[in-house]
Structures are given as C-alpha cells and as structure tokens.
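The data block below is final36.tsv; it holds TSV, C-alpha atoms.
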```
chain	number	residue	atom	x	y	z
A	1	MET	CA	-2.84	17.25	8.68
A	2	ASP	CA	-3.62	20.23	6.45
A	3	GLU	CA	-1.35	22.47	8.52
A	4	PHE	CA	1.41	19.85	8.50
A	5	THR	CA	1.36	19.38	4.71
A	6	ILE	CA	1.44	23.15	4.16
A	7	GLN	CA	4.45	23.48	6.49
A	8	GLU	CA	6.24	20.65	4.66
A	9	THR	CA	5.52	22.32	1.31
A	10	ARG	CA	7.21	25.51	2.49
A	11	LYS	CA	10.52	23.62	2.59
A	12	PHE	CA	10.46	23.65	-1.21
A	13	PRO	CA	10.28	27.16	-2.69
A	14	GLN	CA	9.30	25.78	-6.10
A	15	ALA	CA	6.33	23.80	-4.74
A	16	THR	CA	2.92	24.78	-6.11
A	17	GLY	CA	0.82	23.13	-3.39
A	18	GLU	CA	-0.79	20.60	-5.74
A	19	LEU	CA	0.65	17.59	-3.93
A	20	SER	CA	-0.54	18.91	-0.56
A	21	SER	CA	-3.99	19.47	-2.03
A	22	LEU	CA	-4.11	15.91	-3.36
A	23	LEU	CA	-3.21	14.51	0.06
A	24	ARG	CA	-6.04	16.53	1.59
A	25	ASP	CA	-8.44	15.18	-1.05
A	26	LEU	CA	-7.37	11.62	-0.22
A	27	GLY	CA	-7.88	12.38	3.46
A	28	LEU	CA	-11.41	13.57	2.67
A	29	ALA	CA	-12.14	10.35	0.78
A	30	GLY	CA	-10.82	8.41	3.78
A	31	LYS	CA	-13.23	10.24	6.11
A	32	ILE	CA	-16.20	9.40	3.88
A	33	VAL	CA	-15.22	5.73	3.58
A	34	ASN	CA	-14.53	5.60	7.32
A	35	ASN	CA	-18.05	6.89	8.02
A	36	GLU	CA	-19.53	4.09	5.91
A	37	VAL	CA	-17.25	1.46	7.49
A	38	ARG	CA	-18.26	2.55	11.01
A	39	ARG	CA	-21.96	2.03	10.28
A	40	ALA	CA	-21.50	-1.01	8.03
A	41	GLY	CA	-23.52	-3.33	10.26
A	42	LEU	CA	-26.46	-0.90	10.32
A	43	GLY	CA	-26.78	-0.06	6.63
A	44	ASP	CA	-27.09	-2.27	3.58
A	45	ILE	CA	-23.38	-2.15	2.83
A	46	LEU	CA	-22.13	-5.52	4.10
A	47	GLY	CA	-21.84	-8.58	1.88
A	48	LYS	CA	-21.10	-9.23	-1.76
A	49	HIS	CA	-21.91	-6.83	-4.56
A	50	GLY	CA	-22.65	-9.59	-7.05
A	51	ALA	CA	-19.94	-8.67	-9.57
A	52	THR	CA	-16.24	-9.37	-10.08
A	53	ASN	CA	-13.42	-6.91	-10.64
A	54	VAL	CA	-10.78	-6.98	-13.37
A	55	GLN	CA	-8.79	-9.52	-11.32
A	56	GLY	CA	-11.73	-11.95	-11.37
A	57	GLU	CA	-12.27	-11.44	-7.64
A	58	GLU	CA	-15.75	-11.09	-6.21
A	59	GLN	CA	-16.41	-7.49	-5.15
A	60	MET	CA	-17.87	-6.54	-1.79
A	61	LYS	CA	-20.37	-3.68	-1.54
A	62	LEU	CA	-17.87	-1.57	0.40
A	63	ASP	CA	-15.27	-2.17	-2.36
A	64	VAL	CA	-17.59	-0.52	-4.85
A	65	PHE	CA	-18.53	2.31	-2.48
A	66	ALA	CA	-14.88	3.12	-1.70
A	67	ASN	CA	-13.90	2.96	-5.37
A	68	ASP	CA	-16.73	5.27	-6.46
A	69	THR	CA	-15.93	7.71	-3.63
A	70	LEU	CA	-12.25	8.03	-4.56
A	71	ILE	CA	-12.99	8.38	-8.28
A	72	SER	CA	-15.58	11.10	-7.61
A	73	ILE	CA	-13.48	13.14	-5.16
A	74	LEU	CA	-10.36	13.04	-7.33
A	75	LYS	CA	-12.40	13.93	-10.41
A	76	ASN	CA	-13.65	17.06	-8.64
A	77	SER	CA	-10.14	17.92	-7.52
A	78	THR	CA	-8.28	20.46	-9.63
A	79	ASP	CA	-4.96	18.71	-8.96
A	80	CYS	CA	-5.43	15.21	-10.41
A	81	ALA	CA	-5.07	14.40	-14.12
A	82	GLY	CA	-6.44	10.88	-13.79
A	83	ILE	CA	-6.64	7.73	-11.72
A	84	ALA	CA	-6.07	3.99	-11.92
A	85	SER	CA	-7.84	1.63	-9.53
A	86	GLU	CA	-7.32	-2.01	-8.73
A	87	GLU	CA	-11.05	-2.44	-9.29
A	88	ASN	CA	-11.05	-0.98	-12.83
A	89	ASP	CA	-9.86	-2.51	-16.08
A	90	ASP	CA	-8.06	0.62	-17.32
A	91	HIS	CA	-7.03	4.05	-16.11
A	92	ILE	CA	-9.47	6.96	-16.17
A	93	SER	CA	-8.40	10.33	-17.58
A	94	TYR	CA	-10.11	13.46	-16.31
A	95	GLU	CA	-10.37	15.57	-19.44
A	96	ASP	CA	-11.59	18.96	-18.19
A	97	THR	CA	-9.19	21.90	-18.58
A	98	PHE	CA	-8.03	21.94	-14.95
A	99	SER	CA	-7.33	18.19	-14.85
A	100	ALA	CA	-5.53	18.15	-18.20
A	101	ASN	CA	-3.10	20.71	-16.80
A	102	SER	CA	-2.57	18.87	-13.51
A	103	LYS	CA	0.86	17.41	-12.83
A	104	TYR	CA	-0.15	14.30	-10.88
A	105	VAL	CA	-1.94	10.97	-11.29
A	106	VAL	CA	-3.15	8.73	-8.48
A	107	LEU	CA	-3.32	4.94	-8.28
A	108	PHE	CA	-5.19	3.20	-5.48
A	109	ASP	CA	-6.55	0.04	-3.97
A	110	PRO	CA	-9.83	1.46	-2.66
A	111	LEU	CA	-10.41	-1.18	0.01
A	112	ASP	CA	-7.64	-3.61	0.82
A	113	GLY	CA	-8.64	-6.70	2.82
A	114	SER	CA	-12.20	-7.00	1.52
A	115	SER	CA	-12.57	-10.49	2.97
A	116	ASN	CA	-12.32	-8.91	6.45
A	117	ILE	CA	-15.27	-6.56	6.00
A	118	ASP	CA	-18.04	-8.86	7.18
A	119	VAL	CA	-16.13	-9.96	10.30
A	120	ASN	CA	-15.22	-6.42	11.46
A	121	ALA	CA	-11.44	-6.88	11.08
A	122	PRO	CA	-9.11	-4.05	9.96
A	123	ILE	CA	-9.24	-2.95	6.31
A	124	GLY	CA	-7.69	-0.02	4.48
A	125	THR	CA	-7.13	2.15	1.43
A	126	ILE	CA	-3.72	2.29	-0.30
A	127	PHE	CA	-2.67	5.11	-2.64
A	128	ALA	CA	0.29	6.16	-4.77
A	129	ILE	CA	0.95	9.54	-6.40
A	130	TYR	CA	3.16	9.96	-9.47
A	131	ARG	CA	4.17	13.05	-11.41
A	132	ARG	CA	2.84	12.46	-14.91
A	133	VAL	CA	5.23	11.98	-17.84
A	134	SER	CA	2.74	12.84	-20.58
A	135	GLU	CA	2.32	16.34	-22.00
A	136	LEU	CA	0.50	18.86	-19.81
A	137	GLY	CA	-2.66	20.26	-21.34
A	138	LYS	CA	-3.63	16.90	-22.81
A	139	PRO	CA	-5.34	13.86	-21.23
A	140	CYS	CA	-3.00	11.61	-19.23
A	141	THR	CA	-1.95	8.29	-20.79
A	142	GLN	CA	-1.16	4.78	-19.57
A	143	ALA	CA	2.54	5.68	-19.46
A	144	ASP	CA	1.77	7.93	-16.49
A	145	PHE	CA	0.50	4.93	-14.51
A	146	ILE	CA	3.15	2.30	-15.26
A	147	GLN	CA	6.17	4.12	-13.86
A	148	PRO	CA	8.56	2.34	-11.47
A	149	GLY	CA	8.09	2.97	-7.76
A	150	ASN	CA	11.34	4.93	-7.48
A	151	ARG	CA	9.52	7.76	-9.28
A	152	LEU	CA	6.78	8.06	-6.67
A	153	MET	CA	6.20	11.53	-5.24
A	154	ALA	CA	4.15	10.29	-2.29
A	155	ALA	CA	2.36	7.15	-1.12
A	156	GLY	CA	0.28	6.15	1.83
A	157	TYR	CA	-2.61	4.26	3.32
A	158	ILE	CA	-5.66	4.82	5.49
A	159	ILE	CA	-6.37	2.06	7.98
A	160	TYR	CA	-9.87	1.58	9.38
A	161	GLY	CA	-9.17	-0.24	12.64
A	162	SER	CA	-9.62	0.44	16.35
A	163	SER	CA	-8.95	4.02	15.30
A	164	THR	CA	-8.73	5.42	11.79
A	165	MET	CA	-5.25	6.52	10.73
A	166	MET	CA	-3.77	8.02	7.61
A	167	VAL	CA	-0.07	7.31	7.11
A	168	TYR	CA	1.77	8.86	4.19
A	169	ALA	CA	5.35	9.11	3.02
A	170	THR	CA	7.19	11.63	0.90
A	171	LYS	CA	10.89	11.59	0.17
A	172	LEU	CA	11.32	13.59	3.40
A	173	SER	CA	9.69	11.32	5.99
A	174	VAL	CA	6.79	9.07	7.02
A	175	ASN	CA	4.10	10.52	9.27
A	176	GLY	CA	0.91	9.14	10.78
A	177	PHE	CA	-2.31	11.03	11.51
A	178	THR	CA	-5.16	9.72	13.66
A	179	LEU	CA	-8.72	10.79	12.90
A	180	GLU	CA	-10.21	12.76	15.81
A	181	PRO	CA	-13.95	12.05	15.44
A	182	SER	CA	-15.10	15.02	17.55
A	183	ILE	CA	-13.63	17.55	15.09
A	184	GLY	CA	-13.46	15.35	11.98
A	185	GLU	CA	-9.76	16.02	11.39
A	186	PHE	CA	-6.65	13.88	10.99
A	187	CYS	CA	-4.20	14.97	13.72
A	188	LEU	CA	-0.48	14.24	13.77
A	189	SER	CA	0.00	11.33	16.19
A	190	HIS	CA	3.03	9.44	14.81
A	191	PRO	CA	5.67	11.93	13.58
A	192	ASN	CA	8.71	10.77	11.62
A	193	ILE	CA	7.99	7.03	11.82
A	194	LYS	CA	11.02	4.72	11.67
A	195	CYS	CA	10.75	0.98	11.06
A	196	PRO	CA	12.98	-0.94	13.54
A	197	GLU	CA	15.89	-2.78	11.88
A	198	ASN	CA	14.89	-5.98	13.67
A	199	GLY	CA	11.60	-7.44	14.78
A	200	LYS	CA	10.04	-10.52	16.35
A	201	ILE	CA	6.99	-11.00	14.13
A	202	TYR	CA	6.68	-12.69	10.75
A	203	SER	CA	3.54	-12.27	8.71
A	204	ILE	CA	2.71	-14.76	5.97
A	205	ASN	CA	-0.23	-16.93	4.92
A	206	GLN	CA	1.17	-20.08	6.46
A	207	GLY	CA	-1.84	-22.03	5.23
A	208	ASN	CA	-0.27	-21.88	1.76
A	209	SER	CA	3.08	-23.25	2.94
A	210	ILE	CA	2.62	-26.57	1.13
A	211	LYS	CA	2.87	-24.58	-2.14
A	212	TYR	CA	6.00	-22.62	-1.16
A	213	HIS	CA	9.39	-23.37	-2.69
A	214	ASP	CA	12.28	-24.86	-0.69
A	215	GLY	CA	13.90	-21.54	0.25
A	216	MET	CA	10.67	-20.20	1.72
A	217	GLN	CA	10.08	-23.48	3.57
A	218	SER	CA	13.56	-23.16	5.11
A	219	TYR	CA	12.90	-19.59	6.24
A	220	LEU	CA	9.62	-20.60	7.89
A	221	LYS	CA	11.45	-23.32	9.84
A	222	TYR	CA	14.06	-20.73	10.84
A	223	CYS	CA	11.31	-18.41	12.15
A	224	MET	CA	9.82	-21.23	14.24
A	225	GLU	CA	13.12	-22.56	15.64
A	226	ASP	CA	13.73	-22.21	19.37
A	227	ASN	CA	16.80	-20.00	19.69
A	228	LYS	CA	16.62	-17.78	22.75
A	229	GLU	CA	19.93	-16.00	21.98
A	230	GLU	CA	18.56	-14.77	18.64
A	231	GLY	CA	15.06	-14.10	19.98
A	232	ARG	CA	13.35	-16.98	18.22
A	233	PRO	CA	10.86	-18.47	17.71
A	234	TYR	CA	9.25	-15.40	16.17
A	235	SER	CA	5.56	-14.74	16.68
A	236	HIS	CA	3.34	-15.42	13.67
A	237	ARG	CA	0.70	-12.77	12.94
A	238	TYR	CA	-1.39	-12.66	9.78
A	239	ILE	CA	-4.54	-10.55	9.48
A	240	GLY	CA	-5.16	-11.06	5.77
A	241	SER	CA	-5.22	-7.34	4.99
A	242	MET	CA	-1.91	-5.97	3.71
A	243	VAL	CA	-2.66	-2.56	5.20
A	244	ALA	CA	-3.19	-4.02	8.68
A	245	ASP	CA	-0.19	-6.36	8.56
A	246	MET	CA	2.06	-3.63	7.14
A	247	HIS	CA	0.92	-1.04	9.67
A	248	ARG	CA	2.00	-3.34	12.50
A	249	THR	CA	5.27	-4.13	10.69
A	250	LEU	CA	6.02	-0.44	10.15
A	251	ILE	CA	5.40	0.50	13.79
A	252	LYS	CA	6.75	-2.53	15.66
A	253	GLY	CA	9.17	-4.11	13.18
A	254	GLY	CA	8.91	-7.52	11.58
A	255	ILE	CA	8.59	-8.96	8.11
A	256	PHE	CA	5.63	-9.35	5.77
A	257	ILE	CA	5.97	-11.90	2.98
A	258	TYR	CA	3.73	-12.80	0.08
A	259	PRO	CA	6.05	-15.04	-1.96
A	260	ALA	CA	5.71	-16.63	-5.32
A	261	ASP	CA	4.50	-20.22	-5.04
A	262	LYS	CA	3.74	-23.19	-7.25
A	263	SER	CA	0.26	-21.91	-8.10
A	264	ALA	CA	1.25	-18.22	-8.49
A	265	PRO	CA	4.81	-18.10	-9.87
A	266	LYS	CA	4.57	-14.33	-10.43
A	267	GLY	CA	3.20	-13.65	-6.97
A	268	LYS	CA	-0.28	-12.44	-6.09
A	269	LEU	CA	-0.09	-8.83	-4.86
A	270	ARG	CA	-0.31	-5.97	-7.35
A	271	LEU	CA	2.87	-4.03	-8.01
A	272	GLN	CA	1.30	-0.65	-8.75
A	273	TYR	CA	-1.53	-0.62	-6.23
A	274	GLU	CA	-0.07	-2.44	-3.21
A	275	CYS	CA	3.63	-3.27	-3.40
A	276	ASN	CA	5.09	-0.03	-4.77
A	277	PRO	CA	3.29	2.29	-2.34
A	278	MET	CA	4.08	0.05	0.65
A	279	ALA	CA	7.72	-0.30	-0.46
A	280	PHE	CA	8.01	3.48	-0.80
A	281	ILE	CA	6.64	3.94	2.73
A	282	ILE	CA	8.80	1.26	4.34
A	283	GLU	CA	12.01	2.43	2.63
A	284	ALA	CA	11.31	6.05	3.62
A	285	ALA	CA	11.08	4.72	7.20
A	286	GLY	CA	14.40	2.85	6.94
A	287	GLY	CA	13.12	-0.61	6.05
A	288	LYS	CA	13.54	-2.73	2.94
A	289	ALA	CA	11.30	-4.20	0.22
A	290	VAL	CA	12.34	-6.69	-2.45
A	291	CYS	CA	10.68	-9.14	-4.82
A	292	GLY	CA	13.36	-11.77	-4.22
A	293	LYS	CA	15.73	-10.63	-6.98
A	294	HIS	CA	15.36	-6.83	-7.13
A	295	ASN	CA	14.24	-3.93	-4.99
A	296	ILE	CA	10.49	-3.52	-5.47
A	297	LEU	CA	10.89	0.17	-6.33
A	298	ASP	CA	13.30	-0.63	-9.18
A	299	ILE	CA	10.96	-3.00	-11.03
A	300	ILE	CA	9.99	-1.59	-14.45
A	301	PRO	CA	6.26	-2.30	-14.81
A	302	THR	CA	4.93	-3.51	-18.13
A	303	GLU	CA	1.22	-3.59	-17.35
A	304	LEU	CA	-1.26	-1.84	-15.09
A	305	HIS	CA	-2.29	-4.88	-13.06
A	306	GLN	CA	1.11	-6.56	-12.84
A	307	ARG	CA	1.75	-8.86	-9.87
A	308	THR	CA	4.92	-9.52	-7.90
A	309	PRO	CA	6.22	-11.49	-4.91
A	310	ILE	CA	7.23	-9.28	-1.98
A	311	TYR	CA	9.46	-9.48	1.11
A	312	ILE	CA	9.07	-6.27	3.11
A	313	GLY	CA	9.74	-4.92	6.58
A	314	SER	CA	12.66	-4.60	8.98
A	315	LYS	CA	15.90	-4.42	7.02
A	316	ASN	CA	17.78	-7.20	8.86
A	317	MET	CA	14.83	-9.61	8.71
A	318	VAL	CA	14.34	-9.06	4.98
A	319	ASN	CA	18.07	-9.60	4.37
A	320	LYS	CA	17.98	-12.89	6.31
A	321	ALA	CA	14.95	-14.15	4.40
A	322	LEU	CA	16.62	-13.29	1.08
A	323	GLU	CA	19.83	-15.02	2.13
A	324	MET	CA	18.00	-18.28	2.88
A	325	VAL	CA	15.81	-18.16	-0.22
A	326	LYS	CA	18.75	-17.48	-2.54
A	327	GLU	CA	20.86	-20.18	-0.86
A	328	LYS	CA	18.27	-22.82	-1.79
A	329	GLU	CA	17.99	-21.45	-5.34
A	330	VAL	CA	21.76	-21.82	-5.83
A	331	VAL	CA	21.66	-25.40	-4.56
A	332	ALA	CA	18.71	-26.20	-6.84
```
File written out as structure tokens:
Amino acid sequence: MDEFTIQETRKFPQATGELSSLLRDLGLAGKIVNNEVRRAGLGDILGKHGATNVQGEEQMKLDVFANDTLISILKNSTDCAGIASEENDDHISYEDTFSANSKYVVLFDPLDGSSNIDVNAPIGTIFAIYRRVSELGKPCTQADFIQPGNRLMAAGYIIYGSSTMMVYATKLSVNGFTLEPSIGEFCLSHPNIKCPENGKIYSINQGNSIKYHDGMQSYLKYCMEDNKEEGRPYSHRYIGSMVADMHRTLIKGGIFIYPADKSAPKGKLRLQYECNPMAFIIEAAGGKAVCGKHNILDIIPTELHQRTPIYIGSKNMVNKALEMVKEKEVVA
C-alpha cells in the first residue's frame, strides 16, 4: 500500500506527500486494532466498557481501544492537525508546531458495528480526510470538521472480517488492500473497484419496517415481489455493521438503506463519520448516495454529530428506490 500511495502521489507534481503519509498512519492504526480484534476472545477486551458515548450509546471495550489507538497515532503523526471521533463530544486539536502547520484533519468512526463484537461478526473502522479551511500555523477549528462531503480529499474503511482489508478512495479511484499477516503489510488485492450499476441484494433493518413511511414500505414490497424478468425477488442481507454491508454492496452491487422513520425522522447514521465517507467511496466507484432529497455529498452540515437518512449503492437500484419513495410523498 505504501508503494501504491507514493506512485499515485507522483501523478500530482504539487503533492507534498502528507495525504499519503496520513493513509499510511491510518493503515498502521488498522493493523493495531486488527491485532486486538483477532485475540478478542483471549484477552479482556470483549463486552461492555461501562460508559456511554456522546450519542448516548453504550460503549464496548474495543470501541474505546480503537478510539484511543487512532487518536494516539494521529497525534504522533506530523501530517494531522486534529481529529473528530464519533465517540467524542468535540473535535481534538493537536497544538504542537508540526500539527498546527498540517493541512489535513481526520474524522472517524473507530469501530463501526460494535454490537457484532461479542458474536465474532464483521466490524470496521471508517475514516474521512478533509483539507482544513482554518489558518495554517494555528490550531484547527470546528469549521474544518463540518465541511460537506464534496470537499473530501480521501475516505475509506478497514474491515475486520474473514480477512482484514483497507479500502480507500481518492478523486482518482477506489482501491482495496488485503492485510498479509506473514509480512504485516496491506497488499493491493482489489484495484480500481467499480460498483455494478445493478444488483440483486437489498440491505435494510427490516425489523424496523413497521416504523417506515409509505414510500419505503412500497419499495420493500417491490424488492420481495416475484418478477423473474427483472431478477426479483432480491435477496435480503443485513449484517448490522455499515462497513460490512457496504463492503458487500461495493463489490457485488446492491443497495443499502437506513431511512428516516417515525421514531427517527432525521435518520440514525452520522453524516460526517459514516455517510459522507461511504458516499465518497461509492460515488468514486460509480455508484450513488442520497438522503432522499439531495446527494449525501452536497449536504451542508451544521453540527459535528449530525444524522441523516441514506440510500446508497448501485446507481439504478438507488434511482428506483428514490422514484418509489418520492411517488408516495407526492400522493401524500
């Protein structure tokens, strides 16, 4: 991965190498978290931590470990001005001289899918890298962290599954790297990933369907209808970890939906930590991501922990879901 990022950097004569260095730092954090995940059943790292995060959600021990690891590694990097984490109330500015002069800030969800930890199901880390808008030489500010997704410089995720993979996107392409345990390096395994325009899998928490609005109910019925000519019914797959569900969607095609519902009218997933980075990746691979009214990447955030509905995946499937949802809204 290090060689690949250096080669990509050479395509831009003005590049300073800071972005490549940040990606390597995130890869290092992923290796450390992966090591802890792999031995989770042997060490005292499973189970609940006994505290809640800023969202009011109960933290798992691995949540806290992953969060502390990322904060520490990025603090010791010379290329990161500050971070914002889903687990923390506010952003953290690194105020040493090197950090204050760094061009980039990083936002992350340190361990997505925490509820899967104790049952050995896939989990992951999601990250987003922005070029800061505040003055260089001074500590970064909140304005650096509440930029719209269309200003992202890079985004990616690390999935801890049957193998450990790091997938990241720049404006050039999306590439996947599999961790080779014998040498401890991420090796290019999925070059230039493209999300198929169509798929046969829909991913949604169908257990919440009683709370969904009419348009979403109609789309679920459409997915389950028997129509051999159009390749339906679709298969329903839902892991409960956005990283895992989105990794499958990116590679095989399909649609992932976490809609607004009667109990969460603004949606549940976090714009800055989950939706923007995943939307950036999927669009770079040729897919589509919307909140129902706008492209996810065009949403102007107003707060650090803002939530949003999301429809994301294969372009044609997302368009069909939007068509049915909007049709019911017009009727209503």
With 7 Å as the cut-off and only C-alpha atoms counted, what is the closest atom pair between each nearby residue of segment 90-189 of chain A and segment 59-71 of chain A? Distances in Å to one decimal, ordered by chain and number, as a tab-separated table.
```
residue	atom	partner	partner_atom	distance
A:Pro110	CA	A:Asn67	CA	5.1
A:Leu111	CA	A:Asp63	CA	5.5
A:Ser114	CA	A:Met60	CA	6.6
```
Handout entry: Given all atoms listed in the file as the counted atoms, nearest of A:Asp226, A:Asp109, A:Asp144, A:Glu283 to Val243 of chain A
Key = A:Asp109
Practice task
May I ask for the distance between atom CA of Asp112 of chain A and atom CA of Gly124 of chain A, given in Å to one decimal place?
Solution key: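 So the answer is 5.1 Å.
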Handout entry: Selection near Ser72 of chain A, 12 Å with all atoms listed in the file, sequence-local residues under 4 positions removed, as a PyMOL selection string
Key = chain A and resi 25-26+28-29+32+65-68+76-77+80+82-83+92+94
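Residue nearest Thr141 of chain A within the list A:Tyr157, A:Glu197, A:Ala289, A:Leu304: A:Leu304 [criterion: smallest interatomic distance, all atoms listed in the file].
Ranking A:Leu152, A:Asp96, A:Cys187, A:Phe108 by their shortest atom-to-atom distance to Thr5 of chain A, with only C-alpha atoms included, puts A:Cys187 first.
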Rows by chain and residue number, segment 158-225 of chain A within 9 Å of segment 310-325 of chain A, shortest pair, all atoms listed in the file, as CSV:
```
residue,atom,partner,partner_atom,distance
A:Cys195,CA,A:Ser314,CA,6.3
A:Pro196,CA,A:Ser314,CA,5.9
A:Glu197,CA,A:Ser314,CA,4.7
A:Asn198,CA,A:Ser314,CA,5.4
A:Gly199,CA,A:Ser314,CA,6.5
A:Tyr202,CA,A:Met317,CA,8.9
A:His213,CA,A:Val325,CA,8.6
A:Asp214,CA,A:Val325,CA,7.6
A:Gly215,CA,A:Val325,CA,3.9
A:Met216,CA,A:Val325,CA,5.9
A:Gln217,CA,A:Val325,CA,8.7
A:Ser218,CA,A:Met324,CA,7.0
A:Tyr219,CA,A:Ala321,CA,6.1
```
Handout entry: Point-to-point distance in Å for atom CA of Ala244 of chain A and atom CA of Ile73 of chain A
Key =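 These atoms are spaced 24.3 Å apart.
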Handout entry: Coordinates-based distance that separates atom CA of Gly113 of chain A from atom CA of Glu303 of chain A (Å, one decimal)
Key = 22.7 Å
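Here the question is which of A:Pro265, A:Lys194, A:Pro233, A:Gly240 gets nearest to Lys288 of chain A using only C-alpha atoms, and that residue is A:Lys194.
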Handout entry: Of the listed residues A:Val37, A:Ile129, A:Leu188, A:Ala15, that which approaches Met166 of chain A most closely, counting all atoms listed in the file
Key =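 Nearest candidate to Met166 of chain A out of A:Val37, A:Ile129, A:Leu188, A:Ala15: A:Leu188.
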Please identify all polymer residues within 9 Å of Phe177 of chain A, counting only C-alpha atoms, omitting same-chain residues fewer than 3 positions from it, and present them as a PDB file with C-alpha atoms, in the frame of the given file.
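To be explicit, this is the file written out as part.pdb:
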```pdb
ATOM      1  CA  MET A   1      -2.840  17.250   8.680  1.00  0.00           C
ATOM      2  CA  THR A 164      -8.730   5.420  11.790  1.00  0.00           C
ATOM      3  CA  MET A 165      -5.250   6.520  10.730  1.00  0.00           C
ATOM      4  CA  MET A 166      -3.770   8.020   7.610  1.00  0.00           C
ATOM      5  CA  VAL A 167      -0.070   7.310   7.110  1.00  0.00           C
ATOM      6  CA  TYR A 168       1.770   8.860   4.190  1.00  0.00           C
ATOM      7  CA  GLU A 185      -9.760  16.020  11.390  1.00  0.00           C
ATOM      8  CA  PHE A 186      -6.650  13.880  10.990  1.00  0.00           C
ATOM      9  CA  CYS A 187      -4.200  14.970  13.720  1.00  0.00           C
ATOM     10  CA  LEU A 188      -0.480  14.240  13.770  1.00  0.00           C
ATOM     11  CA  SER A 189       0.000  11.330  16.190  1.00  0.00           C
ATOM     12  CA  HIS A 190       3.030   9.440  14.810  1.00  0.00           C
ATOM     13  CA  PRO A 191       5.670  11.930  13.580  1.00  0.00           C
TER      14      PRO A 191
END
```
Exercise for the section: Find, counting all atoms listed in the file, the residue in A:Glu274, A:Glu180, A:Asp245, A:Asp118 that gets nearest to Ser85 of chain A. Expected result: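 Of A:Glu274, A:Glu180, A:Asp245, A:Asp118, the one nearest Ser85 of chain A is A:Glu274, counting all atoms listed in the file.
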Exercise for the section: Counting only C-alpha atoms, write as a list in words all protein and nucleic acid residues lying at most 6 Å from (-7.8, -5.5, 7.0) in the file's frame. Expected result: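 Every polymer residue passing the test: Gly113, Asn116, Ala121, Pro122, Ile123, Ser241 and Ala244 of chain A.
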Box along x, y and z, 4 Å on every side, all listed atoms of segment 281-298 of chain A inside: centre and edge lengths in Å to one decimal, as JSON.
```
{"center_x": 11.2, "center_y": -2.9, "center_z": -1.0, "size_x": 17.1, "size_y": 25.8, "size_z": 24.4}
```
